[in-house]
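Engineer: Below you will find the structure I want to go over with you.
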Amino acid sequence: VQLVESGGGLVQPGGSLRLSCAGSGFTFSRYNMRWYRQAPGKERESVAFIPGYGGSTNYVDSVKGRFTISRDNVKNTVYLQMNMLKPEDTAVYYCNARWYNDDYWGQGTQVTVSS
């Protein structure tokens with residue numbers, strides 16, 4: 001089982017990034033997918049959620065209206081489109097796949113928002 005994130009980097013405030021997370025080794029479409037983030041000195045927090053076969057998404061209040069989670073079950077990939085980025089969005093972003101007792105994590109990708 002693998003989850004591989006990509007798309008992180010350095011961006012100026014107000015800019016955009018799109019994170020991708022490619023899954024393999026499991027039936028991707030069954031799994032609920034989440035993006036988490038962890039800033040230095042802070043606990044890991046759930047940022048966005050999308051159910052296994054699509055449907056209603058959910059976001060932490062601080063990113064509502066700026067971030068969009070989506071998935072492509074043919075490409076076994078989940079995305080996080082991040083717009084209007086703020087310095088407080090700086091963190092390592094992780095994708096997570098969960099279905100019953102299965103709980104898989106990627107290695108994380110760094111997002112830094114700074115001028």
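Going by the structure tokens order, chains are called A, B, ..., each with residues numbered from 1, while ligands are numbered from 1 in the order shown.
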Would you mind writing down, as JSON, numbers by chain, each residue of range 52-109 of chain A that DSSP on the backbone assigns to strand (DSSP E)?
Structural biologist: {"A": [58, 59, 67, 68, 69, 70, 71, 72, 77, 78, 79, 80, 81, 82, 91, 92, 93, 94, 95, 96, 97, 98, 99, 102, 103, 104, 105, 109]}
Engineer: Quick one: everything within 12 Å of Ser114 in chain A, counting only C-alpha atoms, minus sequence neighbours fewer than 5 positions away in the same chain. Send it as a list in words.
Structural biologist: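 The neighbour list is Gly9, Leu10, Val11, Gln12, Pro13, Gly14, Gly15, Leu85, Lys86, Pro87, Glu88, Asp89, Thr90 and Ala91 of chain A.
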Engineer: Write a file of the selected residues as a short mmCIF file (atom, residue, chain, number, x, y, z; two decimals), in the first residue's frame, keeping N, CA, C and O atoms.
Structural biologist:
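After the write, selection-v1.cif holds the following:
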```cif
data_model
loop_
_atom_site.label_atom_id
_atom_site.label_comp_id
_atom_site.auth_asym_id
_atom_site.auth_seq_id
_atom_site.Cartn_x
_atom_site.Cartn_y
_atom_site.Cartn_z
N GLY A 9 5.28 23.16 -2.15
CA GLY A 9 6.33 24.09 -2.52
C GLY A 9 6.19 25.40 -1.81
O GLY A 9 5.44 25.54 -0.84
N LEU A 10 6.93 26.38 -2.32
CA LEU A 10 6.92 27.73 -1.77
C LEU A 10 6.02 28.61 -2.64
O LEU A 10 6.18 28.61 -3.87
N VAL A 11 5.11 29.34 -2.02
CA VAL A 11 4.20 30.21 -2.76
C VAL A 11 3.99 31.49 -1.97
O VAL A 11 4.07 31.49 -0.74
N GLN A 12 3.75 32.59 -2.68
CA GLN A 12 3.50 33.86 -2.01
C GLN A 12 2.08 33.92 -1.47
O GLN A 12 1.18 33.23 -2.00
N PRO A 13 1.86 34.71 -0.44
CA PRO A 13 0.49 34.89 0.05
C PRO A 13 -0.45 35.31 -1.08
O PRO A 13 -0.08 36.14 -1.93
N GLY A 14 -1.63 34.72 -1.10
CA GLY A 14 -2.59 34.97 -2.17
C GLY A 14 -2.46 34.03 -3.34
O GLY A 14 -3.33 34.02 -4.23
N GLY A 15 -1.41 33.24 -3.36
CA GLY A 15 -1.18 32.32 -4.46
C GLY A 15 -1.94 31.02 -4.32
O GLY A 15 -2.73 30.83 -3.39
N LEU A 85 -3.90 31.45 -0.62
CA LEU A 85 -3.10 30.91 0.48
C LEU A 85 -2.61 32.00 1.41
O LEU A 85 -2.31 33.13 0.98
N LYS A 86 -2.53 31.64 2.68
CA LYS A 86 -2.11 32.55 3.73
C LYS A 86 -0.88 31.98 4.43
O LYS A 86 -0.67 30.75 4.43
N PRO A 87 -0.09 32.82 5.08
CA PRO A 87 1.08 32.30 5.81
C PRO A 87 0.70 31.22 6.83
O PRO A 87 1.47 30.28 7.05
N GLU A 88 -0.48 31.34 7.41
CA GLU A 88 -0.90 30.35 8.41
C GLU A 88 -1.26 29.00 7.80
O GLU A 88 -1.53 28.03 8.53
N ASP A 89 -1.28 28.90 6.48
CA ASP A 89 -1.47 27.61 5.81
C ASP A 89 -0.16 26.83 5.71
O ASP A 89 -0.16 25.67 5.28
N THR A 90 0.94 27.44 6.09
CA THR A 90 2.23 26.77 6.05
C THR A 90 2.23 25.55 6.96
O THR A 90 1.91 25.64 8.15
N ALA A 91 2.55 24.39 6.39
CA ALA A 91 2.51 23.13 7.12
C ALA A 91 2.99 22.01 6.22
O ALA A 91 3.15 22.20 5.01
#
```
Engineer: Using only C-alpha atoms, which of A:Gly55, A:Gly65, A:Gly23, A:Gly108 sits nearest Thr77 in chain A?
Structural biologist: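 Distance minimum relative to Thr77 in chain A lands on A:Gly23.
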Engineer: Counting only C-alpha atoms, what is within 10 Å of range 102-105 of chain A, bar same-chain residues fewer than 4 positions away, as a ChimeraX atom specification?
Structural biologist: /A:1-5,23,26,31-36,94-98
Engineer: Give me, as number ranges by chain, all polymer residues having an atom no more than 7 Å from Asn83 in chain A, counting only C-alpha atoms and skipping those fewer than 5 positions away in the same chain.
Structural biologist: A: 15-17, 66-67
Engineer: If you keep all heavy atoms, can you produce a file of those selected residues as a short mmCIF file (atom, residue, chain, number, x, y, z; two decimals), in the first residue's frame?
Structural biologist:
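Resulting contents of again35.cif:
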```
data_model
loop_
_atom_site.label_atom_id
_atom_site.label_comp_id
_atom_site.auth_asym_id
_atom_site.auth_seq_id
_atom_site.Cartn_x
_atom_site.Cartn_y
_atom_site.Cartn_z
N GLY A 15 -1.41 33.24 -3.36
CA GLY A 15 -1.18 32.32 -4.46
C GLY A 15 -1.94 31.02 -4.32
O GLY A 15 -2.73 30.83 -3.39
N SER A 16 -1.69 30.11 -5.26
CA SER A 16 -2.40 28.83 -5.31
C SER A 16 -1.42 27.68 -5.48
O SER A 16 -0.34 27.85 -6.05
CB SER A 16 -3.38 28.81 -6.49
OG SER A 16 -4.37 29.80 -6.36
N LEU A 17 -1.84 26.53 -4.99
CA LEU A 17 -1.14 25.27 -5.21
C LEU A 17 -2.17 24.17 -5.34
O LEU A 17 -3.25 24.27 -4.75
CB LEU A 17 -0.20 24.92 -4.04
CG LEU A 17 1.14 25.64 -3.91
CD1 LEU A 17 1.82 25.22 -2.60
CD2 LEU A 17 2.05 25.34 -5.09
N ARG A 66 -11.73 28.50 0.27
CA ARG A 66 -10.41 28.65 -0.35
C ARG A 66 -9.86 27.33 -0.87
O ARG A 66 -9.16 27.31 -1.88
CB ARG A 66 -9.41 29.23 0.68
CG ARG A 66 -9.80 30.59 1.22
CD ARG A 66 -8.69 31.20 2.05
NE ARG A 66 -8.37 30.41 3.24
CZ ARG A 66 -7.16 29.90 3.49
NH1 ARG A 66 -6.16 30.09 2.65
NH2 ARG A 66 -6.95 29.20 4.60
N PHE A 67 -10.14 26.23 -0.19
CA PHE A 67 -9.61 24.91 -0.57
C PHE A 67 -10.74 24.06 -1.14
O PHE A 67 -11.89 24.15 -0.68
CB PHE A 67 -9.03 24.19 0.64
CG PHE A 67 -7.75 24.76 1.19
CD1 PHE A 67 -7.26 26.00 0.79
CD2 PHE A 67 -7.01 24.04 2.12
CE1 PHE A 67 -6.09 26.51 1.30
CE2 PHE A 67 -5.82 24.53 2.64
CZ PHE A 67 -5.36 25.77 2.23
#
```
Engineer: Work out how far apart CA of Phe49 in chain A and CA of Arg30 in chain A are and give it in Å to one decimal.
Structural biologist: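 Computing it gives 13.7 Å between the two atoms.
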